[in-house]
Structures are given as C-alpha cells and as structure tokens.
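Beneath this line is the structure, given in structure tokens, with notes to follow.
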Amino acid sequence: YEGLEFTDCEIDVANQGRECTFSFEVKKSMIGPILIYYEIDNFHQNHLEYSVSRDDKQLLGSLKQDPLSAANCEPLNKLGNITLNPCGLIANTFFNDIIEFIPSEEQQSAGIEMTEEGIAWQSDLIYKFKQPDGFYYELCDSCNDCDCSAPEWSCKERYQDPKSGECFRYFYPDDNSTQYLYETYDMINPILGVTDEHFAVWMRLAAFANFRKLYGYIEGDVMAGEFLTFSITANWDVKSFKGAKSLVITTTSAFGGKNIELGDGFIGIGVLCLLAGTFFSLKHLIKPRKLADDKYLRYKED
C-alpha cells in the first residue's frame, strides 16, 4: 500500500498519521484462522550493526546499563539528557502503522473480528521482555476516580483501555529523565510497554531484506464473494530507504503458509539428486566395478 508503484497510502514524513481504507474481494473461500501480515521490502534487519543494537538486560527490566550495551545502542541510547528505554535501532524503528479490520454487518453479527493477541512467541514474552524494575499500576474502580496527581503515580493522565473501557494509573521509575516505549509510540499501551505483542514480534529479527510479520488473525471463515475491509493509519516511513510496505491476507495449512522459495529449493535439490543418480547409474552400466575385485585392495608395506 506504499512504495514501489503504489501511492495509495503514501506519507512524506514519519508519524504522519494518514488514514486509508482498503477493501479486498475474497475470490476463494478462506477457512480460519485468516492471517494478517504486514510485509516490508528492502529493510535490512539482518545487518550486523542493526541486529546488535539493543540492550537485552534493559528489555528484561534492568535500569542499569553496562558500557558495552550503551555502545551497542548508539546513536539511539540517549537524546540529550533523556535516556531511551528501550534503546537501540531495533526498538526505535518499530513498525507503528495501525491496521484495523472493519467488519461488515454480516461479519459483525457472525462475530468475525481481528485478534491481536497470541501473535508473538510465548517464550519471548516470558523470557525476553519485562516492564522496568519499579514499574507498577492500578486498575481504578471508575474512570472518574482515577487521578494521577499523587506523587506515587508518574502518569500525567489516566490510561483508558479502548477495548474494555477500564481505566488505569501507573508509575514508571525515573520518568522525568527517561523516554519509555509508550511515550515514543502512541499505539503502545503504557500498562504493557515492552511486553506488547506487536513490539515482541518486531524485535524478533527477520533473516532477509524482504519479510513479513504477523499483525493479527481472524478466527472465522470468510466465503467467496465477501469483502474484507481494513483501515490503515500510516506512520512508518519507507520513502527514506526506497522500501515498500504491503498488507498480506492469507491462510495456512498443516504444512504452514505459502512459501515459493522453499518449494523451489526442494525441486532444485531433487533435480540435483536425479542427475547424480543418473550419472552413477550410467557409469555402473558402462563400466561396472567387479564385486570383490582384489585389484582394489591395498596392503601396508612391510
């Protein structure tokens, strides 16, 4: 939807917030789960300097930083006197386009909606990401009685969950001298912070320059002739590195998703094995090796 020859949702600067709507007609019935990916072209997460630009201890909640981690995070370790938490190139190039599924009336009545939970590896969420040491929050009894003015809270205003409507207040340590993830990216829930699943998905690096990452999934089935409509708020700039970003809607099977490269690889290896087998078969037919021929024996000299 942006880049290459596509300008449907083009932005000129990062965090522009341009809103676009796309509708796709389903040509063939799709049996859930229907996977929603964003695809990035020409972005090298596998570059060595980029791949080490993170502080794993910081992502696990530590507020102390050793010199090596600070050096790895440069030039995005601090902004003046403000510490970035999390620091580094990976965290601070987080994909922050917002993708929303807009169900039709029939889809809405059937309970078809996009889920954005369960998209990250559970092992990553358990062992790689924790909120900063000293962080805590409270679920308020009501949104009218959710004041952040007391010194035990660092929030400037309450946070209201857009789905549940519940209100929270929270405390982040060293908030005056630190810029946390939710302050860098509006789409990040301050209660979740670095444990947000979209962030965990982004932090698992891609091996190639063209890659796709899971944004959500639709559990229900969608029949041929129906439309899938999505609203996208474009914030992530691709123009600066001549890249492209796409929305991919697909399904999976017991053998995984569609992967042309893997199939080509299997075919290529199969062809090589066939050629090798043919060569050795011809050699055996034309010039066979006599079984138990003693001329092939070699003895050690006395």
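Just remember, in the structure tokens the first chain shown is A, the second B, etc., residues are 1-based per chain, and ligands are 1-based in the order shown.
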Could you pull out the strand (DSSP E or B) residues of range 18-190 of chain A, going by DSSP on the backbone, and write them as JSON, numbers by chain?
{"A": [18, 19, 20, 21, 22, 23, 24, 25, 30, 34, 35, 36, 37, 38, 39, 40, 41, 78, 79, 82, 83, 84, 85, 98, 99, 100, 101, 102, 114, 115, 136, 137, 138, 139, 159, 160, 167, 168, 169, 170, 171, 178, 179, 180]}
What are the nearest atom pairs, with distances in Å to one decimal, for all residues of range 151-204 of chain A that come at most 12 Å from range 39-55 of chain A, using only C-alpha atoms, set out by chain and rising residue number as JSON lines?
```
{"residue": "A:Trp202", "atom": "CA", "partner": "A:Gln45", "partner_atom": "CA", "distance": 9.8}
{"residue": "A:Met203", "atom": "CA", "partner": "A:Arg54", "partner_atom": "CA", "distance": 9.3}
{"residue": "A:Arg204", "atom": "CA", "partner": "A:Gln45", "partner_atom": "CA", "distance": 9.4}
```
Generate a file of the selected residues that holds N, CA and C atoms, formatted as a PDB file, in the first residue's frame.
```pdb
ATOM      1  N   TRP A 202       8.157  -7.485  16.384  1.00  0.00           N
ATOM      2  CA  TRP A 202       9.146  -6.673  15.669  1.00  0.00           C
ATOM      3  C   TRP A 202      10.570  -6.976  16.131  1.00  0.00           C
ATOM      4  N   MET A 203      10.742  -7.221  17.419  1.00  0.00           N
ATOM      5  CA  MET A 203      12.075  -7.437  17.973  1.00  0.00           C
ATOM      6  C   MET A 203      12.663  -8.792  17.577  1.00  0.00           C
ATOM      7  N   ARG A 204      11.850  -9.718  17.084  1.00  0.00           N
ATOM      8  CA  ARG A 204      12.379 -10.976  16.540  1.00  0.00           C
ATOM      9  C   ARG A 204      12.775 -10.712  15.094  1.00  0.00           C
TER      10      ARG A 204
END
```
Using only C-alpha atoms, the shortest atom-to-atom distance to Trp121 in chain A among A:Ala206, A:Leu272, A:Ala14, A:Ala200 belongs to A:Ala200
When you look at Glu106 in chain A with a cut-off of 12 Å (counting only C-alpha atoms), what residues show up, excluding the ones that are within fewer than 4 positions of it in the same chain? I need them as a ChimeraX atom specification.
/A:102,110-113,222-223,226-228
Please compute the CA of Lys163 in chain A-CA of Leu125 in chain A distance, one decimal, in Å.
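These atoms are spaced 21.5 Å apart.
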At a cut-off of 12 Å, using only C-alpha atoms, what residues contact Thr7 in chain A? Leave out same-chain residues fewer than 6 positions from it and give the result as a PyMOL selection string.
chain A and resi 1+18+20+234+238-239+244-246
Let me see the file: selected residues, N, CA and C atoms, as an mmCIF file, in the first residue's frame.
```cif
data_model
loop_
_atom_site.group_PDB
_atom_site.id
_atom_site.type_symbol
_atom_site.label_atom_id
_atom_site.label_comp_id
_atom_site.auth_asym_id
_atom_site.auth_seq_id
_atom_site.Cartn_x
_atom_site.Cartn_y
_atom_site.Cartn_z
ATOM 1 N N TYR A 1 0.803 -1.211 0.000
ATOM 2 C CA TYR A 1 0.000 0.000 0.000
ATOM 3 C C TYR A 1 0.840 1.268 0.000
ATOM 4 N N ARG A 18 -1.562 9.361 8.242
ATOM 5 C CA ARG A 18 -2.530 9.362 7.143
ATOM 6 C C ARG A 18 -3.427 8.133 7.237
ATOM 7 N N CYS A 20 -6.130 5.491 5.591
ATOM 8 C CA CYS A 20 -6.522 4.908 4.301
ATOM 9 C C CYS A 20 -7.407 3.697 4.567
ATOM 10 N N ALA A 234 -1.189 5.273 8.510
ATOM 11 C CA ALA A 234 0.206 5.158 8.059
ATOM 12 C C ALA A 234 1.105 6.102 8.849
ATOM 13 N N VAL A 238 8.709 4.598 4.588
ATOM 14 C CA VAL A 238 9.528 3.714 3.745
ATOM 15 C C VAL A 238 10.238 4.486 2.635
ATOM 16 N N LYS A 239 9.825 5.727 2.419
ATOM 17 C CA LYS A 239 10.394 6.519 1.331
ATOM 18 C C LYS A 239 11.877 6.790 1.559
ATOM 19 N N ALA A 244 9.153 -0.570 0.641
ATOM 20 C CA ALA A 244 7.718 -0.717 0.371
ATOM 21 C C ALA A 244 7.087 -1.475 1.526
ATOM 22 N N LYS A 245 5.814 -1.243 1.739
ATOM 23 C CA LYS A 245 5.071 -1.992 2.761
ATOM 24 C C LYS A 245 3.738 -2.425 2.177
ATOM 25 N N SER A 246 3.340 -3.639 2.538
ATOM 26 C CA SER A 246 2.144 -4.244 1.968
ATOM 27 C C SER A 246 1.329 -4.904 3.074
#
```
As a VMD selection string, list the residues of range 36-167 of chain A assigned to alpha helix (DSSP H) by DSSP on the backbone atoms of this structure.
chain A and resid 48 to 51 56 to 59 67 to 73 105 to 109 122 to 127
Can those selected residues be exported to a file as a short mmCIF file (atom, residue, chain, number, x, y, z; two decimals), in the first residue's frame so that it contains N, CA and C atoms?
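Contents of part.cif, as written:
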```
data_model
loop_
_atom_site.label_atom_id
_atom_site.label_comp_id
_atom_site.auth_asym_id
_atom_site.auth_seq_id
_atom_site.Cartn_x
_atom_site.Cartn_y
_atom_site.Cartn_z
N LEU A 48 24.44 -6.44 10.55
CA LEU A 48 25.11 -6.70 11.83
C LEU A 48 24.94 -5.55 12.81
N GLU A 49 25.19 -4.32 12.35
CA GLU A 49 25.08 -3.17 13.26
C GLU A 49 23.67 -3.01 13.81
N TYR A 50 22.70 -3.29 12.96
CA TYR A 50 21.30 -3.17 13.38
C TYR A 50 20.94 -4.30 14.36
N SER A 51 21.38 -5.50 14.07
CA SER A 51 20.96 -6.67 14.84
C SER A 51 21.48 -6.68 16.28
N ASP A 56 19.56 -6.21 26.01
CA ASP A 56 18.67 -7.28 26.45
C ASP A 56 18.36 -7.19 27.94
N LYS A 57 19.32 -6.73 28.74
CA LYS A 57 19.06 -6.58 30.17
C LYS A 57 18.02 -5.48 30.42
N GLN A 58 18.11 -4.42 29.62
CA GLN A 58 17.14 -3.32 29.74
C GLN A 58 15.74 -3.82 29.36
N LEU A 59 15.66 -4.64 28.32
CA LEU A 59 14.38 -5.19 27.91
C LEU A 59 13.79 -6.14 28.95
N PRO A 67 28.70 -0.55 29.84
CA PRO A 67 29.27 0.22 28.72
C PRO A 67 29.09 -0.44 27.36
N LEU A 68 29.17 -1.77 27.29
CA LEU A 68 29.02 -2.46 26.00
C LEU A 68 27.61 -2.28 25.45
N SER A 69 26.61 -2.43 26.30
CA SER A 69 25.22 -2.27 25.86
C SER A 69 24.96 -0.83 25.44
N ALA A 70 25.55 0.12 26.17
CA ALA A 70 25.39 1.53 25.81
C ALA A 70 26.01 1.81 24.44
N ALA A 71 27.18 1.22 24.18
CA ALA A 71 27.84 1.41 22.89
C ALA A 71 27.04 0.76 21.76
N ASN A 72 26.47 -0.42 22.03
CA ASN A 72 25.67 -1.10 21.02
C ASN A 72 24.43 -0.30 20.65
N CYS A 73 23.88 0.42 21.61
CA CYS A 73 22.64 1.16 21.37
C CYS A 73 22.86 2.49 20.65
N GLU A 105 -21.73 -5.70 8.32
CA GLU A 105 -22.79 -6.01 9.27
C GLU A 105 -22.95 -7.52 9.44
N GLU A 106 -22.87 -8.26 8.33
CA GLU A 106 -22.99 -9.71 8.41
C GLU A 106 -21.82 -10.32 9.19
N GLN A 107 -20.60 -9.81 8.92
CA GLN A 107 -19.43 -10.32 9.63
C GLN A 107 -19.49 -9.98 11.11
N GLN A 108 -19.99 -8.78 11.40
CA GLN A 108 -20.09 -8.36 12.79
C GLN A 108 -21.10 -9.23 13.55
N SER A 109 -22.23 -9.53 12.91
CA SER A 109 -23.24 -10.38 13.56
C SER A 109 -22.74 -11.80 13.73
N GLN A 122 5.39 -17.15 22.77
CA GLN A 122 5.20 -17.09 24.22
C GLN A 122 6.53 -17.12 24.96
N SER A 123 7.51 -17.84 24.43
CA SER A 123 8.82 -17.88 25.07
C SER A 123 9.47 -16.50 25.09
N ASP A 124 9.24 -15.71 24.03
CA ASP A 124 9.77 -14.34 24.01
C ASP A 124 9.12 -13.49 25.09
N LEU A 125 7.81 -13.59 25.20
CA LEU A 125 7.08 -12.79 26.19
C LEU A 125 7.47 -13.15 27.62
N ILE A 126 7.80 -14.43 27.83
CA ILE A 126 8.13 -14.88 29.19
C ILE A 126 9.59 -14.57 29.55
N TYR A 127 10.50 -14.80 28.61
CA TYR A 127 11.93 -14.77 28.93
C TYR A 127 12.69 -13.57 28.40
#
```
Would you kindly return, as a list of chain:residue names, each protein, DNA or RNA residue with an atom no farther than 12 Å from any atom of Ser231 in chain A, considering only C-alpha atoms and excluding same-chain residues fewer than 6 positions away?
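Listing them by chain and then by number gives A:Tyr1, A:Cys9, A:Gly17, A:Arg18, A:Glu19, A:Cys20, A:Thr21, A:Phe22, A:Ser23, A:Phe24, A:Asp97, A:Ile98, A:Ile99, A:Glu100, A:Phe101, A:Ile102, A:Pro103, A:Leu247.
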Pairwise distance for CA of Lys295 in chain A and CA of Thr278 in chain A, rounded to one decimal in Å:
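CA of Lys295 in chain A sits 26.4 Å away from CA of Thr278 in chain A.
Across the model, the gap from CA of Asn96 in chain A to CA of Glu197 in chain A is 12.5 Å.
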Check the smallest atom-to-atom distance from each of A:Ile119, A:Cys273, A:Asp221, A:Tyr180 to Ile82 in chain A using only C-alpha atoms, then report the winner.
A:Tyr180
Excluding range 149-155 of chain A and any residue of its chain fewer than 6 positions from it, enumerate the residues within 9 Å of it, using only C-alpha atoms, and give them as a VMD selection string.
chain A and resid 136 to 137 169 to 176
Taking into account only C-alpha atoms, which residue in the set A:Ile218, A:Leu285, A:Leu60, A:Cys146 is nearest to Phe168 in chain A?
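That would be A:Cys146, the residue with the smallest distance to Phe168 in chain A.
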Ranking A:Ile267, A:Lys287, A:Trp236, A:Glu74 by minimum distance to Val13 in chain A and counting only C-alpha atoms, which one comes first?
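Counting only C-alpha atoms, the residue closest to Val13 in chain A is A:Trp236.
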